[in-house]
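Notes to accompany the following structure.
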Amino acid sequence: MDYSKNEMMAIATGREFKDGELAIFGVGLSMLAGFFAQRNHAPNLIAFTEGGVYGSTPVGGLPWGIEDNRISANATSFTNAIDALGMLVASGRVDNAVIGAAQIDKYGNVNTTGIWTEGTQPWKVGKYTLPKVRLNGSGGANEIAVGAKKYLIMAAHEKKRFADKVDYISSPGYITGGNAREKYGFPGGGPSAIITNLGILRPDPQTKEFYLDAYFTFSSVEEIIANTGWELKVSPNVKAVPEPTQQELDNLRAVDVTGSLRKK
Amino acid sequence: MDYSKNEMMAIATGREFKDGELAIFGVGLSMLAGFFAQRNHAPNLIAFTEGGVYGSTPVGGLPWGIEDNRISANATSFTNAIDALGMLVASGRVDNAVIGAAQIDKYGNVNTTGIWTEGTQPWKVGKYTLPKVRLNGSGGANEIAVGAKKYLIMAAHEKKRFADKVDYISSPGYITGGNAREKYGFPGGGPSAIITNLGILRPDPQTKEFYLDAYFTFSSVEEIIANTGWELKVSPNVKAVPEPTQQELDNLRAVDVTGSLRKK
Amino acid sequence: MRSKLISMEEAVKNYTWDGMTFAHGGALPVGSDCIAFFREMVRQGVKDINCISNCNTQGSNLLAGAGLMKRMEVGFSGLEVYGFANGLKRAVESGKTILEDYSNGAIPLRLLGGALGWPFVPTFMNTGGDQQWCSADDPESYPNTKKIPEITDPFTGKKMGAFKSIVPDVAAIHVTMADIYGNAIMLGTEWSRFELSRAAKKVVLQADYIVDTDCMRQFPNLVRIPDLCVDAVVYWPMGVWPACSTGVYDSDEEHMFMMNSMLKTEEGTKEYIEKFVNSYKTPEDFQNVIGAEKVKALTNTATAFLMDPYRKWIKTEQEIKQLMERR
Amino acid sequence: MRSKLISMEEAVKNYTWDGMTFAHGGALPVGSDCIAFFREMVRQGVKDINCISNCNTQGSNLLAGAGLMKRMEVGFSGLEVYGFANGLKRAVESGKTILEDYSNGAIPLRLLGGALGWPFVPTFMNTGGDQQWCSADDPESYPNTKKIPEITDPFTGKKMGAFKSIVPDVAAIHVTMADIYGNAIMLGTEWSRFELSRAAKKVVLQADYIVDTDCMRQFPNLVRIPDLCVDAVVYWPMGVWPACSTGVYDSDEEHMFMMNSMLKTEEGTKEYIEKFVNSYKTPEDFQNVIGAEKVKALTNTATAFLMDPYRKWIKTEQEIKQLMERR
């Protein structure tokens with residue numbers, strides 16, 4: 001295999017972006033996947049960052065943050081957070097986005113706030129307790145979760161991350177499943193896929209429970225089930241994700257100048 | 001008398017501005033009164049216009065509007081209406097302001113929206129009817145009325161303008177008097193004076209009904225009562241307003257370059 | 001990204017229709033509104049417009065005077081020191097145009113609500129007075145309780161008002177400079193153009209100058225309207241005439257008064273449309289309608305220095321013609 | 001108008017106090033926050049700070065690591081690609097700092113509400129999840145119903161959430177350029193600095209450059225923070241170090257990592273404060289602490305061209321000294 005699992009994950013994520021979509025990119029993997037898509041098959045993909053940085057592409061390496069000079073050097077417009085996160089994202093205008101997850105559950109709820117000792121989670125003990133490990137909080141992912149027409153969740157596929165129920169919902173997916181989102185009147189549609197380093201999960205149209213839709217050729221249905229913390233349903237039509245084409249790899253590596261994804 | 005009634009009105013209005021106050025100026029008489037005060041006794045009076053035009057003074061004559069190039073030629077900052085009218089005025093930050101009135105009543109409620117045929121006013125017939133004469137609406141005066149810590153009302157003193165009850169409240173003063181404003185939670189304090197071309201009216205601390213506080217030397221208590229449409233109460237200490245000093249006239253005329261106030 | 005540069009005729013043909021909810025900006029009586037866009041709307045006879053105006057301008061004054069405005073929501077319906085807006089005044093007094101009154105602070109906040117995807121915005125503005133108690137849309141109820149309903153602050157229990165957010169079908173916005181993709185720079189007060197450009201479903205820009213995108217990359221903090229908010233860009237010099245465009249030209253006092261007095265009557269309005277709407281096709285003709293000497297006088301503005309940092313990126317008439325053909 | 005230019009020492013002495021509600025801006029982990037102001041707060045030992053942060057930065061990371069932060073409301077508590085904020089993480093996990101979670105869109109809207117004088121802002125953000133259901137201030141109730149209470153849209157009857165508006169006692173805001181009266185220009189994203197400058201009761205600016213007011217008159221549309229919002233101006237070059245200031249310097253990758261690893265422990269934090277807080281008095285010393293070569297390397301940024309239009313108005317060290325003495 002002449003590509004890394006992370007490269008496959010980035011390419012699979014990039015494939016979910018369609019030409020002409022309005023998208024918001026975060027830093028790291030998410031930005032690489034987005035700029036790969038723009039270069040590879042979606043030249044009219046319009047992207048911005050949550051600081052209201054418009055029309056720019058990274059200069060001198062992958063940005064350390066969404067406001068890093070590396071992403072500010074060739075912008076056509078700088079506005080503000082209310083514009084980007086409020087008027088474009090939370091309002092329901094953004095077509096697609098990518099968020100990360102420290103923990104994720106079967107309804108696509110994402111936790112990036114903290115990890116609790118088993119049994120002490122607020123939803124279990126009925127009060128807010130201090131997390132064992134404090135994480136970074138939701139940042140702008142919560143606005144994407146409530147507002148984006150659809151969005152993608154990227155996460156390393158590990159049993160401890162893929163929990164039956166997350167310790168803390170930082171960015172709501174389908175909450176308790178079914179039409180649970182409706183109660184909150186969210187402008188956005190919820191997560192359309194969970195893309196991991198092993199395969200792709202998608203939500204059931206009715207129950208909104210995520211099932212295994214496709215696996216990467218270097219993985220398998222068995223490996224993915226073994227690395228998922230809930231009883232993962234498998235699509236009757238479960239299939240292998242097409243391997244990256246040479247063109248896709250060339251375009252991804254042209255974007256990933258530092259080769260951060262190459263490490264296998 | 002070597003000054004006009006309008007000059008006296010402008011000077012009396014200007015005297016109400018204290019040094020260091022944050023003020024919003026409208027166009028015309030209000031702007032002349034404000035810039036007169038700045039030049040005459042309030043060098044640190046900070047003024048802006050409702051478009052978010054900061055730090056500027058008129059160039060080439062009296063501006064035709066608050067966004068006219070005549071007031072934009074030497075600004076230090078241009079922002080927007082939400083900033084000026086929302087964040088600085090309606091929020092309760094502005095210390096003082098001046099608004100005009102087509103009609104005004106004993107509680108300092110101002111009408112600039114329309115004149116109705118007697119007996120057809122909405123508040124009389126219990127429904128909205130078309131005005132006989134459509135006026136300009138409230139503009140930014142409503143934000144001043146609800147938000148300014150205090151503000152001044154300038155109007156030509158005529159019986160038909162000084163009504164017992166205005167046809168339409170465009171900018172609420174003390175509404176029905178007393179503590180009626182409290183019900184609406186207005187951040188602002190309400191009108192502190194009505195300054196006319198004949199004298200100065202101020203609100204009773206309890207009832208909030210405007211009474212005659214002082215008259216210009218070229219007018220009289222009798223003339224003012226005769227030109228007021230409600231039974232005007234007169235202060236036991238009613239006094240003559242000091243005539244303009246030569247310095248005041250010089251400063252006003254330096255501001256009123258076009259001599260628009262000279263005409264008697 | 002593709003060029004969004006189109007002609008004024010196309011812009012009005014493609015982005016306006018009878019009965020639409022149309023918003024315009026600056027929407028300031030004396031400054032920076034898309035007056036040329038209104039002229040083309042009148043020429044094409046788009047009618048029954050539901051007009052969202054922060055303030056009235058000579059554009060909405062003309063549209064109403066021509067009998068094409070069914071309804072208006074506005075904060076100020078005059079022309080400031082230029083007086084009452086006679087075309088609009090006539091339409092309102094005759095019942096031809098239904099006018100729903102707000103204030104100058106209210107309309108921007110209602111657009112902000114639309115831009116943020118909120119159904120309403122909390123407010124102290126326009127409460128305790130007749131903007132709240134009178135509704136032209138619902139005239140039978142006084143005091144009205146539905147136009148600006150009372151709400152409760154969940155934290156203190158105190159009462160306040162709620163404005164309904166506005167989401168216009170289309171906004172036509174005047175800007176000083178735009179590139180062909182729709183990145184735009186405004187000089188002078190933004191008034192409510194920033195919020196409007198995010199609240200409207202479609203946005204058409206009317207620009208005094210077309211500049212190279214390099215200008216935007218040099219001054220990204222000035223680009224308050226980024227390309228992704230914009231559907232079309234129209235190049236139309238002197239497009240705010242007879243009002244003013246900060247940094248480019250002053251208001252035409254003579255024409256402001258003349259236009260407004262002609263709009264007093266139907267006949268006068270017809271005559272105005274003949275002389276100043278149907279009398280030109282291209283931006284070049286338009287300059288001739290204004291008159292070379294007048295243009296020269298008006299562009300000799302004390303604010304001209306505000307344009308100096310950007311002049312080197314201004315596209316020439318020739319370059320713009322080529323950009324139009326290249327589409 | 002009088003000059004508002006004062007020293008960093010005076011600014012912290014006059015505008016901060018134990019237990020105050022303090023807000024900072026940019027408040028972006030990698031860019032444009034008033035880090036130098038935080039260093040001075042730590043030097044003067046201002047404690048029990050109730051910190052309003054849009055995001056955590058190395059400033060709040062240091063303040064929390066030094067045990068001076070009693071409480072924080074924040075949207076993102078990390079350092080983006082630079083990792084977890086160890087000083088803050090330690091303070092939160094040990095219970096020393098009470099952290100109330102919101103999101104990056106929530107804090108700006110709550111400041112907007114404060115700026116507009118609204119008691120609350122309507123929101124769909126932070127509902128249907130644990131920012132709404134968990135409250136560090138009111139831990140006993142789950143799901144919490146008071147932190148982000150449910151409200152009803154009066155026009156449709158639909159339910160949504162309400163954020164409490166924020167009015168900080170003081171905001172310290174980094175800007176690229178300021179004049180001595182407090183007119184300020186920011187290069188790069190404003191993040192929530194515009195709203196913050198209107199929401200706070202007092203505003204102190206920390207500027208990379210002091211420029212002549214003529215610069216503001218040439219670019220008034222760039223002056224997003226006008227003098228009337230500002231109480232004090234502090235000149236402090238490299239004030240965002242080790243994070244970046246768009247147009248002026250890049251983030252110091254080496255120091256970002258080193259600082260954050262030192263903040264992991266109390267001992268490391270003490271050592272950091274010795275070396276990088278108590279080790280200088282004047283802006284000049286501060287440059288030496290960073291190191292001439294490092295400053296040279298960091299200011300060699302790909303964004304430097306963004307400053308070019310304004311360089312001719314920059315005040316020299318000498319001119320600034322005179323301006324300080326003249327007060």
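Ordered as shown in the structure tokens, chains take letters A, B, and onward, while each chain numbers its residues from 1 and ligands are numbered from 1 in the order shown.
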Chain A contacts to chain C at 8 Å (only C-alpha atoms) as a PyMOL selection string: chain A and resi 43-44+46+54+74-79+86-88+90-92+187
Would you write out, as a tab-separated table, a table of all residues in chain C that have an atom no more than 8 Å from an atom of chain D, listing for each the closest atom pair and the distance in Å to one decimal, considering only C-alpha atoms and ordering rows by chain and rising residue number?
```
residue	atom	partner	partner_atom	distance
C:Trp118	CA	D:Pro122	CA	7.0
C:Pro119	CA	D:Asp153	CA	6.7
C:Phe120	CA	D:Asp153	CA	6.8
C:Val121	CA	D:Pro122	CA	7.2
C:Pro122	CA	D:Trp118	CA	7.0
C:Thr123	CA	D:Trp118	CA	7.1
C:Lys146	CA	D:Phe155	CA	7.9
C:Pro149	CA	D:Pro154	CA	6.8
C:Ile151	CA	D:Pro154	CA	7.2
C:Asp153	CA	D:Pro119	CA	6.7
C:Pro154	CA	D:Pro149	CA	6.8
C:Phe155	CA	D:Lys164	CA	7.2
C:Ala162	CA	D:Pro154	CA	7.5
C:Lys164	CA	D:Phe155	CA	7.2
C:Met186	CA	D:Asn221	CA	7.8
C:Leu187	CA	D:Asn221	CA	6.4
C:Gly188	CA	D:Asn221	CA	6.7
C:Thr189	CA	D:Asn221	CA	7.7
C:Gln218	CA	D:Leu306	CA	5.9
C:Phe219	CA	D:Leu306	CA	7.2
C:Pro220	CA	D:Gly188	CA	7.7
C:Asn221	CA	D:Leu187	CA	6.4
C:Leu222	CA	D:Leu222	CA	6.3
C:Phe305	CA	D:Gln218	CA	7.5
C:Leu306	CA	D:Gln218	CA	5.9
C:Pro309	CA	D:Pro309	CA	7.8
```
Dump as a PDB file, in the first residue's frame, selection limited to C-alpha atoms:
```pdb
ATOM      1  CA  TRP C 118     -33.016  34.272  14.461  1.00  0.00           C
ATOM      2  CA  PRO C 119     -36.821  34.523  14.097  1.00  0.00           C
ATOM      3  CA  PHE C 120     -36.837  37.665  16.255  1.00  0.00           C
ATOM      4  CA  VAL C 121     -34.583  40.187  18.000  1.00  0.00           C
ATOM      5  CA  PRO C 122     -35.179  41.600  21.493  1.00  0.00           C
ATOM      6  CA  THR C 123     -35.636  45.358  21.642  1.00  0.00           C
ATOM      7  CA  LYS C 146     -48.635  41.414  17.211  1.00  0.00           C
ATOM      8  CA  PRO C 149     -45.091  41.751  20.726  1.00  0.00           C
ATOM      9  CA  ILE C 151     -41.580  39.268  25.525  1.00  0.00           C
ATOM     10  CA  ASP C 153     -36.299  38.412  29.675  1.00  0.00           C
ATOM     11  CA  PRO C 154     -35.823  34.871  31.022  1.00  0.00           C
ATOM     12  CA  PHE C 155     -33.062  36.046  33.384  1.00  0.00           C
ATOM     13  CA  ALA C 162     -39.516  41.701  19.966  1.00  0.00           C
ATOM     14  CA  LYS C 164     -39.584  40.192  13.571  1.00  0.00           C
ATOM     15  CA  MET C 186     -17.565  50.664   1.122  1.00  0.00           C
ATOM     16  CA  LEU C 187     -16.264  54.143   1.946  1.00  0.00           C
ATOM     17  CA  GLY C 188     -18.274  56.199   4.430  1.00  0.00           C
ATOM     18  CA  THR C 189     -20.822  54.816   6.855  1.00  0.00           C
ATOM     19  CA  GLN C 218      -3.979  44.534   0.212  1.00  0.00           C
ATOM     20  CA  PHE C 219      -6.971  45.744   2.277  1.00  0.00           C
ATOM     21  CA  PRO C 220      -8.830  42.608   3.398  1.00  0.00           C
ATOM     22  CA  ASN C 221     -10.147  44.320   6.541  1.00  0.00           C
ATOM     23  CA  LEU C 222     -11.951  46.806   4.283  1.00  0.00           C
ATOM     24  CA  PHE C 305      -8.690  61.817  -0.986  1.00  0.00           C
ATOM     25  CA  LEU C 306     -10.408  58.800   0.610  1.00  0.00           C
ATOM     26  CA  PRO C 309      -5.053  54.445  -1.742  1.00  0.00           C
TER      27      PRO C 309
END
```
DSSP-assigned strand (DSSP E or B) members of range 83-189 of chain A, reported as a PDB file with C-alpha atoms, in the first residue's frame:
```pdb
ATOM      1  CA  ASN A  96     -20.615  21.219   4.417  1.00  0.00           C
ATOM      2  CA  ALA A  97     -17.943  21.119   7.105  1.00  0.00           C
ATOM      3  CA  VAL A  98     -15.658  18.797   9.058  1.00  0.00           C
ATOM      4  CA  ILE A  99     -15.336  18.507  12.827  1.00  0.00           C
ATOM      5  CA  GLY A 100     -13.131  16.277  14.981  1.00  0.00           C
ATOM      6  CA  GLN A 103     -15.428  10.772  21.782  1.00  0.00           C
ATOM      7  CA  ILE A 104     -18.389   9.996  19.549  1.00  0.00           C
ATOM      8  CA  VAL A 110     -19.417  14.557  19.670  1.00  0.00           C
ATOM      9  CA  ASN A 111     -17.473  15.134  22.882  1.00  0.00           C
ATOM     10  CA  GLY A 114     -13.735  16.289  28.859  1.00  0.00           C
ATOM     11  CA  ILE A 115     -13.321  12.632  29.822  1.00  0.00           C
ATOM     12  CA  VAL A 133      -9.302  14.988  31.846  1.00  0.00           C
ATOM     13  CA  ARG A 134     -10.215  18.461  30.673  1.00  0.00           C
ATOM     14  CA  TYR A 151     -21.174  17.950   8.095  1.00  0.00           C
ATOM     15  CA  LEU A 152     -18.579  15.249   8.476  1.00  0.00           C
ATOM     16  CA  ILE A 153     -17.015  13.913  11.656  1.00  0.00           C
ATOM     17  CA  MET A 154     -13.413  12.700  11.464  1.00  0.00           C
ATOM     18  CA  ALA A 155     -11.988  10.491  14.201  1.00  0.00           C
ATOM     19  CA  PHE A 162     -16.586   5.209  19.773  1.00  0.00           C
ATOM     20  CA  SER A 171     -21.598  19.237  19.529  1.00  0.00           C
TER      21      SER A 171
END
```
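Using only C-alpha atoms, the contacts of Val257 in chain B at a cut-off of 12 Å, with sequence neighbours closer than 4 positions omitted, comprise Leu32, Phe35, Phe36, Pro58, Val59, Gly60, Gly61, Leu62, Pro63, Asp250, Asn251, Leu252, Arg253, Leu261 and Arg262 of chain B.
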Option closest in space to Ala240 in chain B, from B:Ser219, B:Asn179, B:Ser72, B:Asn197 [counting only C-alpha atoms]: B:Ser219
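CA of Thr127 in chain C to CA of Arg110 in chain D spans 22.7 Å [interatomic distance, one decimal].
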Which of range 86-202 of chain D fall in alpha helix (DSSP H), as number ranges by chain: D: 86-93, 106-116, 130-133, 193-199
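The list of residues with at least one atom within 6 Å of Gly188 in chain B, based on only C-alpha atoms and without residues fewer than 5 positions apart in the same chain, reads Gly92, Val146, Gly147, Ala148 and Lys149 of chain B.
Here CA of Asp18 in chain C is placed at a distance of 5.6 Å from CA of Asp48 in chain C.
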Need the shell around Ile66 in chain B: protein/DNA/RNA residues with any atom at most 8 Å away, counting only C-alpha atoms. Skip same-chain ones fewer than 4 positions apart. Format as a JSON list (two decimals) with C-alpha atoms, in the first residue's frame?
```
[["chain", "number", "residue", "atom", "x", "y", "z"],
["B", 26, "GLY", "CA", -28.78, 65.28, 14.00],
["B", 27, "VAL", "CA", -28.75, 67.62, 11.03],
["B", 49, "THR", "CA", -23.97, 60.93, 13.97],
["B", 50, "GLU", "CA", -26.36, 58.02, 13.72],
["B", 51, "GLY", "CA", -24.57, 56.52, 10.74],
["B", 71, "ILE", "CA", -19.69, 65.53, 7.47]]
```
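You can rank C:Ser192, C:Gln318, C:Thr57, C:Asn104 by their closest distance to Trp241 in chain C using only C-alpha atoms, and at the top of that list sits C:Thr57.
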